[in-house]
Amino acid sequence: MQKKLITKSDIVFTVVIAAAILLVWFFTLPHAEGKTVVIRQNGEIVATLPLAEDAIYEVDGTYRNVFEIRGGSVHIAETDCPNRQCEKTGSISRAGEAIVCAPNGVTATIAGGEADVDGITG
Amino acid sequence: MALQDNRTSRFVLSAVLCGIALSLSLLDGAVSSLLPLPGFKLGLANVVSLFALCCLGLPWALLICVVRSLLTAMLSGNMTMLFFSLAGGVVSILVMYLALKYLSVIKTSVLGGISHNLMQLAAAAVVTATPQVSYYFPVLVLTGTVCGFFVGALCTLVFRRIRLPFPGNAIKTD
Amino acid sequence: MKRIFPVLLAACCLFAFTSCAPALKTSEIFAMDTFIIQTVYTDDDNVIRQNNEITRRLEDEMSRTIATSDVCRLNAAPGQDVEVSDETAKVLAVSLDAAADTGGAFSPALGSVIAAWGFGTEDMHVPDEEALSSALAAADYRTVTLEGNTVNTGGAMIDLGGAVKGYALDKAAGNLKAGGVESAIISFGGSIYALGKKPDGTSYKIGIRDPEGGENDYMATIALDGKFVSTSGTYERGFTENGVYYDHVLDPSTGYPVNNGLVAATVLCDSGILSDIYSTALLVMGAEKGVAFADEHGVDVLFLTGDKQIITTDGFAEKYGLEIKNREYAMG
């Protein structure tokens, strides 16, 4: 009798391989594609921090900005800059989003992952 | 009709396979353009690679793949695609060459399909210098698996129905 | 067989290498009182560095706060002939033409009125009637004369803040093209230029700021292919006094912030300086006049009104693939 075209082992093998690769990808994903927040002062990068870890980061310049990373998003916890615009921006977490403290020349931008837009006009 | 096993008949067969691979490649391009993934291909031409690997051996399979990639790139006028399809094609042939020694045609083909797509992804990451393309990873693994499975089944069917040319080269196909 | 292989492989390598795309490079600096953000696909770091130098140079020439700038020297010598750089002369010339062209809806001579309100300083306040009317009387762009590089302000105070970022964008865009760059997006404080398409073949996508949201919120997106886009909004750089919000977009005819129901104007055209100037001018003009002006001048505009209506030039949505993200906004 002729053997079946597709054997059970073929199907099992296919499913297992595909599932295995996807699982490996899934579990390595946060490390490979983990978002980071890039903090710049006067254009120079002063810190690159992973969003996955809660942290406090302080930038001293003309003024003082305290960034807080909590639960995967970043916000200004404390600032003594005059207009406090950076504080009003609130929390950012999506790629491409930014907190800007113009008086202090400091920015925090989320990097990694797919940005929804390439720029914002306004 | 049995083919005589000499260089000429091998050249003729690989030329025919090249032609088939080329048309499959172009068809693939047309089908793949419906997918929301720019620049990626399903890898239908892998059916030819697998067939060539089984009955002509590794060097011929590679040759067919290279010629097919060049021709597709020239016909479609897209040189970036060449890099993609070469990377995918060559690596999947090497993977299938190793896999054929231990596994059935279908299993081999699945591995070939997946490696074909992942190599394209790696090539895309290099070419566009954006690691973000890994966003496509799961989709490409799935299409590679499904495609590889059917390509393998098709190949098994072909091997059942026709007498293999140059049986000396043939690898167990059951 | 043995001979074919090396040849084919060599040919492949050749093709493969020539098709390698340039690497992604980014830069972010603070200049012109805003952030200059560049995302450029290039293997040449110089292009980005040159663009940063261009913005710094133009800031040094045209800033209202740098004492040695052409603009400050002009304002310090009312009624006298002052030599300025080629670039300052160019920006002033375009600004004066645009002022005449827009019927004064845009003016490069509003310095005294801006100073009366204190915009750009830490002391923003509503000026008293008398101070404002004397400031307004001195703010007539028609008193400014320009001959070659010689400027006489005729007593007006020059402020090129509404044009210099756009001009810098023009210069930087020219520099990118001269450097052989095929794909880049550069954003000078919300005025944006996109060159070519992204490496994955899609167009650069721009969010239009949501006036009621934060700096990262946008109410709609558009595709930007080789054009310049600039937005003026009443939500920026304003202040509140006695419960009333005063925005920084001043109507040159009254000296007061615009109050015509519009909150933002986004202008797309083929020139950076004109997109910058027109976004202000059209916001001042109001929706009806603004759309007519845009049609006449072959530019496109999108207005947002205070009651969340979107008003655009004909065919805007199709031309730029407008996608409304905040459903509270509707085409008016």
# chains A, B, ... in the order shown; residues from 1 in each chain; ligands from 1

call {"tool": "interface_residues", "arguments": {"of": "chain B", "to": "chain A", "cutoff": "7 Å", "atoms": "only C-alpha atoms", "output": "PyMOL selection string"}}
result
chain B and resi 106-107+110+132+138+141-142+145+153+156-157

call {"tool": "write_last_selection", "arguments": {"atoms": "all heavy atoms", "output": "PDB file, in the first residue's frame"}}
result
ATOM      1  N   ILE B 106       8.857  16.934   3.308  1.00  0.00           N
ATOM      2  CA  ILE B 106       7.966  17.962   3.847  1.00  0.00           C
ATOM      3  C   ILE B 106       8.631  18.709   4.997  1.00  0.00           C
ATOM      4  O   ILE B 106       8.650  19.936   5.046  1.00  0.00           O
ATOM      5  CB  ILE B 106       6.624  17.350   4.306  1.00  0.00           C
ATOM      6  CG1 ILE B 106       5.851  16.877   3.074  1.00  0.00           C
ATOM      7  CG2 ILE B 106       5.808  18.362   5.098  1.00  0.00           C
ATOM      8  CD1 ILE B 106       4.463  16.389   3.362  1.00  0.00           C
ATOM      9  N   LYS B 107       9.242  17.942   5.909  1.00  0.00           N
ATOM     10  CA  LYS B 107       9.914  18.583   7.049  1.00  0.00           C
ATOM     11  C   LYS B 107      11.037  19.496   6.554  1.00  0.00           C
ATOM     12  O   LYS B 107      11.197  20.641   7.000  1.00  0.00           O
ATOM     13  CB  LYS B 107      10.479  17.529   7.991  1.00  0.00           C
ATOM     14  CG  LYS B 107       9.424  16.658   8.664  1.00  0.00           C
ATOM     15  CD  LYS B 107      10.080  15.767   9.715  1.00  0.00           C
ATOM     16  CE  LYS B 107       9.092  14.789  10.321  1.00  0.00           C
ATOM     17  NZ  LYS B 107       9.086  13.484   9.603  1.00  0.00           N
ATOM     18  N   VAL B 110       9.631  22.657   5.131  1.00  0.00           N
ATOM     19  CA  VAL B 110       9.178  23.591   6.168  1.00  0.00           C
ATOM     20  C   VAL B 110      10.370  24.391   6.694  1.00  0.00           C
ATOM     21  O   VAL B 110      10.330  25.620   6.786  1.00  0.00           O
ATOM     22  CB  VAL B 110       8.476  22.838   7.329  1.00  0.00           C
ATOM     23  CG1 VAL B 110       8.314  23.747   8.531  1.00  0.00           C
ATOM     24  CG2 VAL B 110       7.121  22.328   6.857  1.00  0.00           C
ATOM     25  N   GLN B 132      13.699  47.607  13.468  1.00  0.00           N
ATOM     26  CA  GLN B 132      12.262  47.524  13.714  1.00  0.00           C
ATOM     27  C   GLN B 132      11.540  46.524  12.820  1.00  0.00           C
ATOM     28  O   GLN B 132      10.414  46.156  13.108  1.00  0.00           O
ATOM     29  CB  GLN B 132      11.588  48.884  13.515  1.00  0.00           C
ATOM     30  CG  GLN B 132      11.781  49.832  14.655  1.00  0.00           C
ATOM     31  CD  GLN B 132      12.974  50.743  14.382  1.00  0.00           C
ATOM     32  OE1 GLN B 132      13.974  50.291  13.861  1.00  0.00           O
ATOM     33  NE2 GLN B 132      12.860  52.005  14.723  1.00  0.00           N
ATOM     34  N   PRO B 138       6.762  37.268  13.354  1.00  0.00           N
ATOM     35  CA  PRO B 138       5.761  36.189  13.454  1.00  0.00           C
ATOM     36  C   PRO B 138       5.041  35.915  12.139  1.00  0.00           C
ATOM     37  O   PRO B 138       4.826  34.759  11.780  1.00  0.00           O
ATOM     38  CB  PRO B 138       4.786  36.695  14.522  1.00  0.00           C
ATOM     39  CG  PRO B 138       5.116  38.103  14.773  1.00  0.00           C
ATOM     40  CD  PRO B 138       6.468  38.386  14.261  1.00  0.00           C
ATOM     41  N   VAL B 141       7.385  33.941   9.889  1.00  0.00           N
ATOM     42  CA  VAL B 141       7.545  32.548  10.311  1.00  0.00           C
ATOM     43  C   VAL B 141       6.316  31.745   9.896  1.00  0.00           C
ATOM     44  O   VAL B 141       6.426  30.642   9.352  1.00  0.00           O
ATOM     45  CB  VAL B 141       7.750  32.448  11.846  1.00  0.00           C
ATOM     46  CG1 VAL B 141       7.651  31.009  12.304  1.00  0.00           C
ATOM     47  CG2 VAL B 141       9.098  33.030  12.224  1.00  0.00           C
ATOM     48  N   LEU B 142       5.137  32.314  10.105  1.00  0.00           N
ATOM     49  CA  LEU B 142       3.902  31.591   9.761  1.00  0.00           C
ATOM     50  C   LEU B 142       3.762  31.371   8.262  1.00  0.00           C
ATOM     51  O   LEU B 142       3.494  30.258   7.819  1.00  0.00           O
ATOM     52  CB  LEU B 142       2.687  32.350  10.314  1.00  0.00           C
ATOM     53  CG  LEU B 142       2.524  32.228  11.835  1.00  0.00           C
ATOM     54  CD1 LEU B 142       1.324  33.023  12.313  1.00  0.00           C
ATOM     55  CD2 LEU B 142       2.385  30.761  12.243  1.00  0.00           C
ATOM     56  N   THR B 145       6.207  28.776   7.180  1.00  0.00           N
ATOM     57  CA  THR B 145       5.820  27.425   7.587  1.00  0.00           C
ATOM     58  C   THR B 145       4.742  26.867   6.658  1.00  0.00           C
ATOM     59  O   THR B 145       4.873  25.774   6.108  1.00  0.00           O
ATOM     60  CB  THR B 145       5.256  27.439   9.030  1.00  0.00           C
ATOM     61  OG1 THR B 145       6.176  28.135   9.850  1.00  0.00           O
ATOM     62  CG2 THR B 145       5.054  26.045   9.537  1.00  0.00           C
ATOM     63  N   ALA B 153       4.791  19.131   0.306  1.00  0.00           N
ATOM     64  CA  ALA B 153       3.768  18.167  -0.105  1.00  0.00           C
ATOM     65  C   ALA B 153       3.740  18.040  -1.621  1.00  0.00           C
ATOM     66  O   ALA B 153       3.671  16.933  -2.178  1.00  0.00           O
ATOM     67  CB  ALA B 153       2.406  18.609   0.422  1.00  0.00           C
ATOM     68  N   THR B 156       6.762  16.054  -2.772  1.00  0.00           N
ATOM     69  CA  THR B 156       6.584  14.628  -2.496  1.00  0.00           C
ATOM     70  C   THR B 156       5.679  14.001  -3.556  1.00  0.00           C
ATOM     71  O   THR B 156       5.957  12.917  -4.078  1.00  0.00           O
ATOM     72  CB  THR B 156       5.932  14.443  -1.110  1.00  0.00           C
ATOM     73  OG1 THR B 156       6.614  15.290  -0.194  1.00  0.00           O
ATOM     74  CG2 THR B 156       6.036  13.018  -0.638  1.00  0.00           C
ATOM     75  N   LEU B 157       4.606  14.733  -3.877  1.00  0.00           N
ATOM     76  CA  LEU B 157       3.658  14.255  -4.882  1.00  0.00           C
ATOM     77  C   LEU B 157       4.353  14.088  -6.231  1.00  0.00           C
ATOM     78  O   LEU B 157       4.191  13.059  -6.912  1.00  0.00           O
ATOM     79  CB  LEU B 157       2.500  15.254  -4.996  1.00  0.00           C
ATOM     80  CG  LEU B 157       1.300  14.796  -5.812  1.00  0.00           C
ATOM     81  CD1 LEU B 157       0.598  13.655  -5.094  1.00  0.00           C
ATOM     82  CD2 LEU B 157       0.339  15.957  -6.022  1.00  0.00           C
TER      83      LEU B 157
END

call {"tool": "residues_around", "arguments": {"residues": "region 164-178 of chain C", "least_positions_apart": "4", "cutoff": "7 Å", "atoms": "only C-alpha atoms", "output": "MDAnalysis selection string"}}
result
chainID C and resid 47 51 54:55 58 91 160 188 191 193 271:273 275:276

call {"tool": "write_last_selection", "arguments": {"atoms": "C-alpha atoms", "output": "mmCIF file, in the first residue's frame"}}
result
data_model
loop_
_atom_site.group_PDB
_atom_site.id
_atom_site.type_symbol
_atom_site.label_atom_id
_atom_site.label_comp_id
_atom_site.auth_asym_id
_atom_site.auth_seq_id
_atom_site.Cartn_x
_atom_site.Cartn_y
_atom_site.Cartn_z
ATOM 1 C CA VAL C 47 25.410 66.510 6.103
ATOM 2 C CA ASN C 51 22.587 71.418 8.875
ATOM 3 C CA ILE C 54 23.263 76.303 9.253
ATOM 4 C CA THR C 55 20.610 76.620 11.958
ATOM 5 C CA LEU C 58 20.963 81.680 10.968
ATOM 6 C CA VAL C 91 14.657 86.436 4.666
ATOM 7 C CA LEU C 160 11.826 87.392 11.787
ATOM 8 C CA PHE C 188 12.606 72.498 13.101
ATOM 9 C CA SER C 191 8.061 72.946 10.743
ATOM 10 C CA TYR C 193 10.454 68.750 5.601
ATOM 11 C CA SER C 271 8.997 76.254 0.213
ATOM 12 C CA GLY C 272 9.966 76.139 3.867
ATOM 13 C CA ILE C 273 9.974 79.871 4.442
ATOM 14 C CA SER C 275 4.991 77.448 4.679
ATOM 15 C CA ASP C 276 6.268 79.073 7.878
#

call {"tool": "closest_atom_pairs", "arguments": {"of": "chain A", "to": "chain C", "cutoff": "6 Å", "atoms": "only C-alpha atoms", "output": "CSV"}}
result
residue,atom,partner,partner_atom,distance
A:Asn42,CA,C:Phe30,CA,5.8
A:Gly43,CA,C:Ile29,CA,4.0
A:Thr89,CA,C:Gly214,CA,5.6
A:Glu97,CA,C:Asn216,CA,5.7
A:Val117,CA,C:Lys205,CA,5.1
A:Asp118,CA,C:Lys205,CA,5.4
A:Gly119,CA,C:Ile206,CA,5.0
A:Ile120,CA,C:Gly207,CA,4.5
A:Thr121,CA,C:Gly190,CA,4.2
A:Gly122,CA,C:Thr231,CA,4.8

call {"tool": "closest_residue", "arguments": {"among": "B:Leu111, B:Ala45, B:Leu53, B:Val126", "to": "chain C", "atoms": "only C-alpha atoms"}}
result
B:Val126

call {"tool": "select_by_dssp", "arguments": {"residues": "chain A", "states": "alpha helix (DSSP H)", "output": "MDAnalysis selection string"}}
result
chainID A and resid 8:32 85:89

call {"tool": "residues_around", "arguments": {"residues": "Leu100 (chain B)", "least_positions_apart": "5", "cutoff": "12 Å", "atoms": "only C-alpha atoms", "output": "number ranges by chain"}}
result
B: 50-51, 53-55, 57-58, 92-95, 105-112, 152, 170-174

call {"tool": "write_last_selection", "arguments": {"atoms": "C-alpha atoms", "output": "JSON list (two decimals), in the first residue's frame"}}
result
[["chain", "number", "residue", "atom", "x", "y", "z"],
["B", 50, "LEU", "CA", 13.96, 21.53, -3.35],
["B", 51, "PHE", "CA", 13.46, 19.55, -6.53],
["B", 53, "LEU", "CA", 18.47, 19.64, -4.52],
["B", 54, "CYS", "CA", 16.85, 16.21, -4.60],
["B", 55, "CYS", "CA", 17.74, 15.20, -8.11],
["B", 57, "GLY", "CA", 22.54, 18.06, -5.99],
["B", 58, "LEU", "CA", 23.71, 21.11, -4.07],
["B", 92, "SER", "CA", 17.27, 28.06, 2.53],
["B", 93, "ILE", "CA", 19.06, 25.75, 0.05],
["B", 94, "LEU", "CA", 21.91, 25.21, 2.49],
["B", 95, "VAL", "CA", 19.47, 24.51, 5.30],
["B", 105, "VAL", "CA", 10.86, 16.18, 2.16],
["B", 106, "ILE", "CA", 7.97, 17.96, 3.85],
["B", 107, "LYS", "CA", 9.91, 18.58, 7.05],
["B", 108, "THR", "CA", 12.88, 19.76, 5.01],
["B", 109, "SER", "CA", 10.69, 22.08, 3.03],
["B", 110, "VAL", "CA", 9.18, 23.59, 6.17],
["B", 111, "LEU", "CA", 12.65, 24.36, 7.48],
["B", 112, "GLY", "CA", 13.59, 25.76, 4.08],
["B", 152, "GLY", "CA", 7.05, 19.98, 0.48],
["B", 170, "ALA", "CA", 18.32, 11.07, -5.58],
["B", 171, "ILE", "CA", 17.86, 11.34, -1.90],
["B", 172, "LYS", "CA", 15.26, 9.19, -0.19],
["B", 173, "THR", "CA", 11.95, 10.81, -0.90],
["B", 174, "ASP", "CA", 9.52, 8.82, 1.13]]

call {"tool": "closest_residue", "arguments": {"among": "C:Val244, C:Met32, C:Ala317, C:Val40", "to": "chain B", "atoms": "only C-alpha atoms"}}
result
C:Val40

call {"tool": "residues_around", "arguments": {"residues": "Ser133 (chain C)", "least_positions_apart": "3", "cutoff": "9 Å", "atoms": "only C-alpha atoms", "output": "JSON, numbers by chain"}}
result
{"C": [113, 128, 129, 130, 136, 137, 138, 254, 255]}

call {"tool": "select_by_dssp", "arguments": {"residues": "region 7-117 of chain A", "states": "strand (DSSP E)", "output": "NGL selection string"}}
result
:A and (36-41 or 44-50 or 55-60 or 64-70 or 73-79 or 98-101 or 106-111)

call {"tool": "residues_around", "arguments": {"residues": "Val66 (chain A)", "least_positions_apart": "3", "cutoff": "10 Å", "atoms": "only C-alpha atoms", "output": "ChimeraX atom specification"}}
result
/A:56-60,75-80,87

call {"tool": "closest_residue", "arguments": {"among": "C:Thr202, C:Asp60, C:Glu328, C:Gly226", "to": "chain B", "atoms": "only C-alpha atoms"}}
result
C:Thr202

call {"tool": "closest_residue", "arguments": {"among": "C:His248, C:Arg57, C:Arg142, C:Lys197", "to": "chain B", "atoms": "only C-alpha atoms"}}
result
C:Lys197

call {"tool": "closest_residue", "arguments": {"among": "C:Ala330, C:Asp251, C:Thr42, C:Asp123", "to": "Ala184 (chain C)", "atoms": "only C-alpha atoms"}}
result
C:Thr42

call {"tool": "residues_around", "arguments": {"residues": "Thr312 (chain C)", "least_positions_apart": "6", "cutoff": "8 Å", "atoms": "only C-alpha atoms", "output": "PyMOL selection string"}}
result
chain C and resi 291+300-303
